[in-house]
file structure_29.tsv (TSV, C-alpha atoms)
chain	number	residue	atom	x	y	z
A	14	ASP	CA	-13.69	-24.79	-2.33
A	15	LYS	CA	-12.48	-21.20	-2.28
A	16	MET	CA	-15.33	-20.19	0.03
A	17	SER	CA	-14.05	-22.61	2.71
A	18	PHE	CA	-11.44	-20.01	3.63
A	19	PRO	CA	-11.72	-16.26	4.26
A	20	LEU	CA	-11.40	-14.03	1.25
A	21	LEU	CA	-9.02	-11.06	1.21
A	22	TYR	CA	-10.63	-7.68	1.86
A	23	HIS	CA	-8.74	-4.79	0.26
A	24	GLU	CA	-9.38	-1.08	-0.22
A	25	LYS	CA	-7.73	0.95	-2.98
A	26	GLN	CA	-6.47	4.43	-2.20
A	27	VAL	CA	-8.99	7.27	-2.14
A	28	ALA	CA	-7.63	10.78	-1.56
A	29	ALA	CA	-5.40	10.68	1.55
A	30	LEU	CA	-7.58	8.17	3.41
A	31	CYS	CA	-4.89	5.52	3.72
A	32	GLY	CA	-5.47	5.45	7.49
A	33	VAL	CA	-9.05	4.31	6.90
A	34	HIS	CA	-7.93	1.73	4.33
A	35	CYS	CA	-5.20	0.49	6.68
A	36	ILE	CA	-7.57	-0.08	9.61
A	37	ASN	CA	-10.22	-1.75	7.46
A	38	ALA	CA	-7.65	-4.05	5.87
A	39	LEU	CA	-6.44	-4.99	9.34
A	40	LEU	CA	-9.99	-5.72	10.50
A	41	GLN	CA	-10.80	-7.33	7.11
A	42	GLY	CA	-14.02	-5.50	6.43
A	43	PRO	CA	-15.50	-2.03	5.77
A	44	ILE	CA	-15.66	-1.22	9.49
A	45	PHE	CA	-14.62	2.44	9.65
A	46	ASN	CA	-15.03	5.41	7.34
A	47	GLU	CA	-13.41	8.83	7.35
A	48	VAL	CA	-16.25	10.32	9.42
A	49	ASP	CA	-15.69	7.77	12.19
A	50	LEU	CA	-11.97	8.46	12.39
A	51	ALA	CA	-12.51	12.22	12.14
A	52	GLN	CA	-14.81	12.01	15.16
A	53	ILE	CA	-12.09	10.21	17.12
A	54	ALA	CA	-9.57	12.86	16.01
A	55	HIS	CA	-11.82	15.69	17.22
A	56	GLU	CA	-12.30	13.96	20.58
A	57	LEU	CA	-8.52	13.67	20.96
A	58	ASP	CA	-8.13	17.32	19.98
A	59	ALA	CA	-10.61	18.31	22.70
A	60	MET	CA	-8.77	16.23	25.31
A	61	GLU	CA	-5.43	17.78	24.36
A	62	ARG	CA	-6.93	21.28	24.42
A	63	ALA	CA	-8.35	20.70	27.90
A	64	PHE	CA	-4.99	19.42	29.11
A	65	MET	CA	-3.16	22.45	27.72
A	66	ALA	CA	-5.75	24.80	29.26
A	67	GLU	CA	-4.82	23.56	32.72
A	68	GLY	CA	-1.68	25.70	32.44
A	69	GLY	CA	-3.76	28.80	31.78
A	70	MET	CA	-5.73	29.78	28.70
A	71	THR	CA	-3.65	32.93	28.33
A	72	SER	CA	-0.31	31.14	28.52
A	73	ASP	CA	1.99	31.22	25.50
A	74	GLU	CA	1.91	27.43	25.31
A	75	TYR	CA	-1.88	27.31	25.15
A	76	LEU	CA	-2.11	30.13	22.60
A	77	ARG	CA	0.49	28.42	20.39
A	78	PHE	CA	-1.36	25.12	20.71
A	79	THR	CA	-4.73	26.59	19.72
A	80	ALA	CA	-3.14	28.42	16.77
A	81	GLU	CA	-1.79	25.17	15.32
A	82	GLU	CA	-3.74	22.80	13.11
A	83	SER	CA	-4.93	19.50	14.54
A	84	GLY	CA	-2.16	16.99	15.14
A	85	ASN	CA	-4.65	14.13	14.81
A	86	VAL	CA	-6.20	14.76	11.40
A	87	ALA	CA	-4.95	16.81	8.47
A	88	ALA	CA	-7.16	18.74	6.10
A	89	ASP	CA	-6.61	16.07	3.42
A	90	GLY	CA	-7.78	13.24	5.70
A	91	MET	CA	-4.45	11.94	7.01
A	92	PHE	CA	-4.90	10.47	10.51
A	93	SER	CA	-2.32	10.12	13.29
A	94	ILE	CA	-1.26	6.90	15.03
A	95	GLN	CA	-3.20	8.14	18.08
A	96	VAL	CA	-6.42	8.10	16.05
A	97	LEU	CA	-5.74	4.67	14.59
A	98	SER	CA	-4.80	3.30	18.01
A	99	LYS	CA	-8.01	4.67	19.53
A	100	ALA	CA	-10.06	3.06	16.77
A	101	LEU	CA	-8.33	-0.28	17.32
A	102	GLN	CA	-8.95	-0.16	21.06
A	103	VAL	CA	-12.66	-0.45	20.30
A	104	TRP	CA	-11.83	-3.96	19.04
A	105	GLY	CA	-9.51	-4.78	21.92
A	106	LEU	CA	-6.42	-4.34	19.75
A	107	HIS	CA	-3.23	-2.44	20.50
A	108	ALA	CA	-0.60	-0.99	18.14
A	109	ILE	CA	2.85	-1.21	19.75
A	110	PRO	CA	6.05	0.16	18.16
A	111	ILE	CA	8.21	-2.74	17.01
A	112	ASP	CA	11.23	-1.39	18.92
A	113	ASN	CA	9.27	-1.44	22.21
A	114	PRO	CA	10.82	-3.96	24.65
A	115	GLU	CA	7.31	-5.35	25.20
A	116	VAL	CA	7.34	-6.79	21.66
A	117	ARG	CA	11.08	-7.35	21.28
A	118	ALA	CA	10.63	-10.79	19.70
A	119	ALA	CA	8.51	-9.37	16.88
A	120	ALA	CA	11.58	-7.97	15.12
A	121	THR	CA	13.41	-11.31	15.04
A	122	GLU	CA	10.42	-13.65	14.68
A	123	PRO	CA	7.72	-11.62	12.93
A	124	GLN	CA	6.05	-14.76	11.60
A	125	ARG	CA	4.79	-15.44	15.13
A	126	GLU	CA	2.72	-12.24	15.07
A	127	GLU	CA	-0.69	-11.74	13.49
A	128	ALA	CA	-0.37	-8.32	11.85
A	129	PHE	CA	1.59	-5.08	11.52
A	130	ILE	CA	0.66	-1.56	10.45
A	131	CYS	CA	3.33	0.58	8.78
A	132	ASN	CA	3.75	4.30	8.14
A	133	LEU	CA	6.11	6.50	6.17
A	134	GLN	CA	5.62	10.08	5.03
A	135	GLU	CA	1.91	10.09	5.80
A	136	HIS	CA	1.08	6.74	4.21
A	137	TRP	CA	-0.36	3.84	6.21
A	138	PHE	CA	-0.76	0.21	5.20
A	139	THR	CA	-1.36	-3.18	6.78
A	140	ILE	CA	0.58	-6.45	6.66
A	141	ARG	CA	-1.50	-9.32	7.96
A	142	LYS	CA	-1.47	-13.08	8.28
A	143	MET	CA	-4.42	-14.74	6.52
A	144	GLU	CA	-5.68	-18.29	6.17
A	145	CYS	CA	-6.31	-18.52	2.46
A	146	ASP	CA	-6.01	-22.12	1.32
A	147	ALA	CA	-5.61	-25.71	2.39
A	148	GLU	CA	-1.86	-25.18	2.77
A	149	GLY	CA	-2.38	-22.95	5.79
A	150	VAL	CA	-1.66	-19.30	6.53
A	151	GLU	CA	0.14	-16.75	4.40
A	152	TRP	CA	1.26	-13.16	4.91
A	153	TRP	CA	-0.24	-10.45	2.69
A	154	ASN	CA	0.58	-6.81	1.99
A	155	PHE	CA	-2.66	-4.78	1.96
A	156	ASN	CA	-1.09	-1.53	0.72
A	157	SER	CA	-3.93	0.60	-0.66
A	158	LEU	CA	-1.64	1.87	-3.44
A	159	PHE	CA	-1.81	-1.63	-4.94
A	160	PRO	CA	-4.85	-2.72	-6.97
A	161	ALA	CA	-5.12	-5.86	-4.82
A	162	PRO	CA	-3.34	-7.43	-1.84
A	163	GLN	CA	0.08	-8.91	-2.59
A	164	PRO	CA	1.44	-12.11	-1.03
A	165	LEU	CA	4.63	-11.71	0.97
A	166	GLY	CA	5.53	-15.24	1.93
A	167	THR	CA	6.45	-16.22	5.46
A	168	PHE	CA	10.15	-16.55	4.64
A	169	TYR	CA	10.28	-13.10	3.00
A	170	LEU	CA	8.39	-11.35	5.81
A	171	SER	CA	11.41	-10.72	8.03
A	172	ALA	CA	13.51	-9.28	5.18
A	173	PHE	CA	10.60	-7.13	4.01
A	174	LEU	CA	10.07	-5.61	7.46
A	175	ALA	CA	13.82	-5.04	7.85
A	176	THR	CA	13.85	-3.19	4.52
A	177	LEU	CA	10.94	-1.01	5.61
A	178	ARG	CA	12.75	-0.09	8.81
A	179	GLU	CA	15.90	0.79	6.85
A	180	GLN	CA	13.80	3.07	4.66
A	181	GLY	CA	12.47	4.91	7.70
A	182	TYR	CA	9.08	3.28	8.14
A	183	GLN	CA	7.43	3.24	11.54
A	184	ILE	CA	6.19	-0.29	12.18
A	185	PHE	CA	3.64	-1.19	14.83
A	186	VAL	CA	2.93	-4.71	16.06
A	187	ILE	CA	-0.77	-5.47	16.49
A	188	ARG	CA	-1.58	-7.33	19.69
A	189	GLY	CA	-4.99	-8.70	20.66
A	190	ASN	CA	-7.51	-11.02	19.04
A	191	LEU	CA	-8.23	-9.96	15.49
A	192	PRO	CA	-11.89	-10.28	14.48
A	193	ALA	CA	-12.94	-12.88	11.95
A	194	PRO	CA	-12.80	-11.52	8.37
A	195	GLN	CA	-16.12	-10.30	7.06
A	196	ARG	CA	-17.79	-11.95	4.11
A	197	PRO	CA	-18.72	-10.08	0.92
A	198	PRO	CA	-22.35	-9.09	0.26
A	199	SER	CA	-24.65	-11.83	-0.97
A	200	ASP	CA	-25.23	-10.09	-4.31
A	201	GLY	CA	-22.09	-11.74	-5.67
A	202	SER	CA	-20.42	-8.46	-6.63
A	203	GLY	CA	-17.53	-8.94	-4.21
A	204	ALA	CA	-17.43	-5.17	-3.66
A	205	VAL	CA	-18.63	-2.67	-1.08
A	206	PRO	CA	-21.53	-0.68	-2.58
A	207	GLY	CA	-20.30	2.86	-3.15
A	208	GLY	CA	-17.06	2.15	-1.29
A	209	ALA	CA	-13.40	1.62	-2.04
A	210	GLY	CA	-13.22	-1.98	-0.89
A	211	ARG	CA	-13.70	-5.37	-2.46
A	212	TRP	CA	-12.93	-9.00	-1.70
A	213	PHE	CA	-10.39	-11.11	-3.55
A	214	THR	CA	-9.44	-14.74	-3.71
A	215	PRO	CA	-5.66	-15.33	-3.80
A	216	SER	CA	-5.91	-16.11	-7.52
A	217	SER	CA	-8.03	-13.04	-8.37
A	218	ALA	CA	-5.63	-10.84	-6.37
A	219	LYS	CA	-2.71	-12.19	-8.41
A	220	GLN	CA	-4.60	-11.58	-11.64
A	221	ALA	CA	-5.42	-7.98	-10.65
A	222	ASN	CA	-1.78	-7.25	-9.77
A	223	ASP	CA	-0.49	-8.92	-12.95
A	224	THR	CA	-2.93	-6.91	-15.09
A	225	ALA	CA	-1.83	-3.67	-13.42
A	226	ALA	CA	1.85	-4.57	-13.90
A	227	GLU	CA	1.26	-5.25	-17.60
A	228	ALA	CA	-0.53	-1.92	-17.96
A	229	ARG	CA	2.37	-0.11	-16.29
A	230	GLN	CA	4.82	-1.83	-18.61
A	231	ARG	CA	2.76	-0.86	-21.66
A	232	GLY	CA	2.75	2.69	-20.41
A	233	ARG	CA	6.53	2.68	-19.97
A	234	VAL	CA	7.04	1.28	-23.47
A	235	SER	CA	4.65	3.85	-24.91
A	236	ASN	CA	6.44	6.68	-23.12
A	237	ALA	CA	9.81	5.31	-24.22
A	238	LEU	CA	8.64	5.15	-27.84
A	239	GLU	CA	7.42	8.74	-27.71
A	240	GLU	CA	10.73	9.82	-26.23
A	241	ALA	CA	12.68	7.87	-28.85
A	242	LEU	CA	10.68	9.49	-31.65
A	243	SER	CA	11.19	12.92	-30.09
A	244	ARG	CA	14.92	12.34	-29.90
A	245	ALA	CA	15.04	11.26	-33.53
A	246	GLN	CA	13.03	14.32	-34.60
A	247	ALA	CA	15.27	16.62	-32.59
A	248	GLN	CA	18.27	15.16	-34.40
A	249	GLY	CA	16.64	15.75	-37.78
A	250	GLY	CA	15.91	12.11	-38.49
A	251	THR	CA	12.95	9.71	-38.40
A	252	LEU	CA	12.17	6.28	-36.98
A	253	GLN	CA	10.01	3.91	-38.99
A	254	LEU	CA	8.07	1.05	-37.39
A	255	ARG	CA	7.64	-2.04	-39.55
A	256	SER	CA	6.09	-5.41	-38.83
A	257	LYS	CA	8.25	-8.52	-38.68
A	258	ARG	CA	6.63	-9.79	-41.87
A	259	SER	CA	7.42	-6.63	-43.82
A	260	ARG	CA	11.02	-6.73	-42.63
A	261	LEU	CA	11.37	-10.29	-43.87
A	262	GLN	CA	9.82	-9.42	-47.21
A	263	ASP	CA	12.05	-6.41	-47.65
A	264	ALA	CA	15.20	-7.96	-46.20
A	265	ALA	CA	16.95	-7.93	-49.54
A	266	LEU	CA	16.08	-4.30	-50.21
A	267	VAL	CA	15.89	-2.54	-46.87
A	268	ASN	CA	18.62	-2.08	-44.31
A	269	ASP	CA	17.53	-2.94	-40.77
A	270	ASP	CA	19.72	-0.34	-39.12
A	271	GLU	CA	16.66	1.81	-38.43
A	272	ASP	CA	15.03	-0.99	-36.45
A	273	ALA	CA	18.18	-1.54	-34.44
A	274	ASP	CA	18.33	2.19	-33.77
A	275	LEU	CA	14.71	2.16	-32.61
A	276	ALA	CA	15.26	-0.79	-30.29
A	277	ALA	CA	18.32	0.87	-28.80
A	278	ALA	CA	16.47	4.16	-28.36
A	279	ILE	CA	13.55	2.48	-26.62
A	280	ALA	CA	15.89	0.52	-24.36
A	281	ALA	CA	17.71	3.72	-23.43
A	282	SER	CA	14.44	5.50	-22.71
A	283	LEU	CA	13.17	2.65	-20.54
A	284	ALA	CA	16.41	2.66	-18.59
A	285	ASP	CA	15.94	6.36	-17.89
A	286	GLN	CA	12.42	5.92	-16.50
A	287	PRO	CA	11.55	5.15	-12.86
A	288	GLY	CA	10.89	1.45	-12.55
A	289	GLY	CA	12.66	0.73	-15.81
A	290	SER	CA	15.41	-1.81	-16.32
A	291	GLY	CA	17.98	0.79	-15.36
A	292	SER	CA	16.43	1.50	-11.97
A	293	GLY	CA	18.22	-1.36	-10.30
A	294	ARG	CA	15.05	-2.35	-8.46
A	295	GLY	CA	12.02	-4.47	-9.19
A	296	GLY	CA	8.40	-3.50	-8.64
A	297	GLY	CA	7.85	-5.46	-5.45
A	298	GLY	CA	9.22	-2.94	-2.97
A	299	PRO	CA	7.08	-0.60	-0.94
A	300	PRO	CA	6.02	2.67	-2.60
A	301	ARG	CA	7.61	5.80	-1.27

call {"tool": "encode", "arguments": {"input": "structure_29.tsv", "output": "structure tokens"}}
result
Amino acid sequence: DKMSFPLLYHEKQVAALCGVHCINALLQGPIFNEVDLAQIAHELDAMERAFMAEGGMTSDEYLRFTAEESGNVAADGMFSIQVLSKALQVWGLHAIPIDNPEVRAAATEPQREEAFICNLQEHWFTIRKMECDAEGVEWWNFNSLFPAPQPLGTFYLSAFLATLREQGYQIFVIRGNLPAPQRPPSDGSGAVPGGAGRWFTPSSAKQANDTAAEARQRGRVSNALEEALSRAQAQGGTLQLRSKRSRLQDAALVNDDEDADLAAAIAASLADQPGGSGSGRGGGGPPR
């Protein structure tokens, strides 16, 4: 029974509110919103302002500080680690940098931890251990840029985190007792009314990710076809699409060189596109 185990709560990206999505994915429920985190940011701003004022409100340091924008929340809704940490403290949780000696073992044996939050270039996301089926626990990537959470696999977790660190990500180990995942509303919708979040089973998460991947591939093929046709037009020629049946019927009369040219042009265009076969990288890596 799929309801015997917690479902996977995931929020898709809205504006620059990845900090909100990250915290809610970690807590596995629609706990915080942007207003809540903004309030924490303003409280931190006030504390920092009071601290700086102790050196004199006419000092150069204080005047420079007050002239700067908030370091805790940006105008687009991006929140600092200080804000996220303060929000987590409400739940008795602590975010500790993975290179801190206090959590030294987390880098070599990450599977023993419960969760991580990661940041690069103002994007936050959660990696968390979940109990999803009768086989036990599994690690999931709750990146809000994905349509649904993506399974990582316990054996891949260490390599994935190492790759993130090589790419410059800040990784924080979450210590403390994580709350039990929330259940979806009883209306059966599996979604937060008016919100960005919804609940997935492992199978529905896979289906959502597969559907999105197929749509991206269709988009790449469509773009490649348009580019191939543009190239042909620029060279003073044309490309003609024919069904397999018509090619068989006309095999004795029509040369298939055009079709080979089209296939080659599309392949070349796909190779030139990000994420195409020429990129040298699959789609499973973290977005930059």

call {"tool": "closest_residue", "arguments": {"input": "structure_29.tsv", "among": "A:His55, A:Arg188, A:His23, A:Lys219", "to": "Ile36 in chain A", "atoms": "only C-alpha atoms"}}
result
A:His23

call {"tool": "residues_near_point", "arguments": {"input": "structure_29.tsv", "point": "(-6.0, -12.2, 7.1)", "cutoff": "8 Å", "atoms": "all atoms listed in the file", "output": "JSON, numbers by chain"}}
result
{"A": [19, 21, 39, 41, 141, 142, 143, 144, 145, 152, 153, 194]}

call {"tool": "residues_around", "arguments": {"input": "structure_29.tsv", "residues": "Ala221 in chain A", "least_positions_apart": "5", "cutoff": "9 Å", "atoms": "all atoms listed in the file", "output": "number ranges by chain"}}
result
A: 160-161, 216, 226

call {"tool": "write_last_selection", "arguments": {"input": "structure_29.tsv", "atoms": "C-alpha atoms", "output": "JSON list (two decimals), in the frame of the given file"}}
result
[["chain", "number", "residue", "atom", "x", "y", "z"],
["A", 160, "PRO", "CA", -4.85, -2.72, -6.97],
["A", 161, "ALA", "CA", -5.12, -5.86, -4.82],
["A", 216, "SER", "CA", -5.91, -16.11, -7.52],
["A", 226, "ALA", "CA", 1.85, -4.57, -13.90]]

call {"tool": "atom_distance", "arguments": {"input": "structure_29.tsv", "atom1": "CA of Asn37 in chain A", "atom2": "CA of Glu227 in chain A"}}
result
27.8 Å

call {"tool": "atom_distance", "arguments": {"input": "structure_29.tsv", "atom1": "CA of Leu30 in chain A", "atom2": "CA of Ala59 in chain A"}}
result
22.0 Å

call {"tool": "residues_around", "arguments": {"input": "structure_29.tsv", "residues": "Pro110 in chain A", "least_positions_apart": "3", "cutoff": "7 Å", "atoms": "all atoms listed in the file", "output": "PDB file with C-alpha atoms, in the coordinates of the input"}}
result
ATOM      1  CA  ASN A 113       9.270  -1.440  22.210  1.00  0.00           C
ATOM      2  CA  ILE A 184       6.190  -0.290  12.180  1.00  0.00           C
ATOM      3  CA  PHE A 185       3.640  -1.190  14.830  1.00  0.00           C
ATOM      4  CA  VAL A 186       2.930  -4.710  16.060  1.00  0.00           C
TER       5      VAL A 186
END

call {"tool": "axis_aligned_box", "arguments": {"input": "structure_29.tsv", "around": "range 123-129 of chain A", "padding_each_side": "3 Å", "output": "AutoDock Vina command-line options"}}
result
--center_x 3.5 --center_y -10.3 --center_z 13.3 --size_x 14.4 --size_y 16.4 --size_z 9.6

call {"tool": "atom_distance", "arguments": {"input": "structure_29.tsv", "atom1": "CA of Trp137 in chain A", "atom2": "CA of Arg229 in chain A"}}
result
23.0 Å

call {"tool": "closest_residue", "arguments": {"input": "structure_29.tsv", "among": "A:Ile187, A:Val33, A:Ile44, A:Ala225", "to": "Leu97 in chain A", "atoms": "only C-alpha atoms"}}
result
A:Val33

call {"tool": "residues_around", "arguments": {"input": "structure_29.tsv", "residues": "Gln183 in chain A", "least_positions_apart": "5", "cutoff": "7 Å", "atoms": "all atoms listed in the file", "output": "list of chain:residue names"}}
result
A:Cys131, A:Asn132, A:Leu133, A:Arg178

call {"tool": "residues_around", "arguments": {"input": "structure_29.tsv", "residues": "Glu47 in chain A", "least_positions_apart": "5", "cutoff": "10 Å", "atoms": "all atoms listed in the file", "output": "PyMOL selection string"}}
result
chain A and resi 30-34+52-53+90-92

call {"tool": "closest_residue", "arguments": {"input": "structure_29.tsv", "among": "A:Trp212, A:Thr176, A:Val103, A:Leu191", "to": "Asp49 in chain A", "atoms": "all atoms listed in the file"}}
result
A:Val103

call {"tool": "closest_residue", "arguments": {"input": "structure_29.tsv", "among": "A:Arg196, A:Arg125, A:Arg211, A:His136", "to": "Leu170 in chain A", "atoms": "only C-alpha atoms"}}
result
A:Arg125
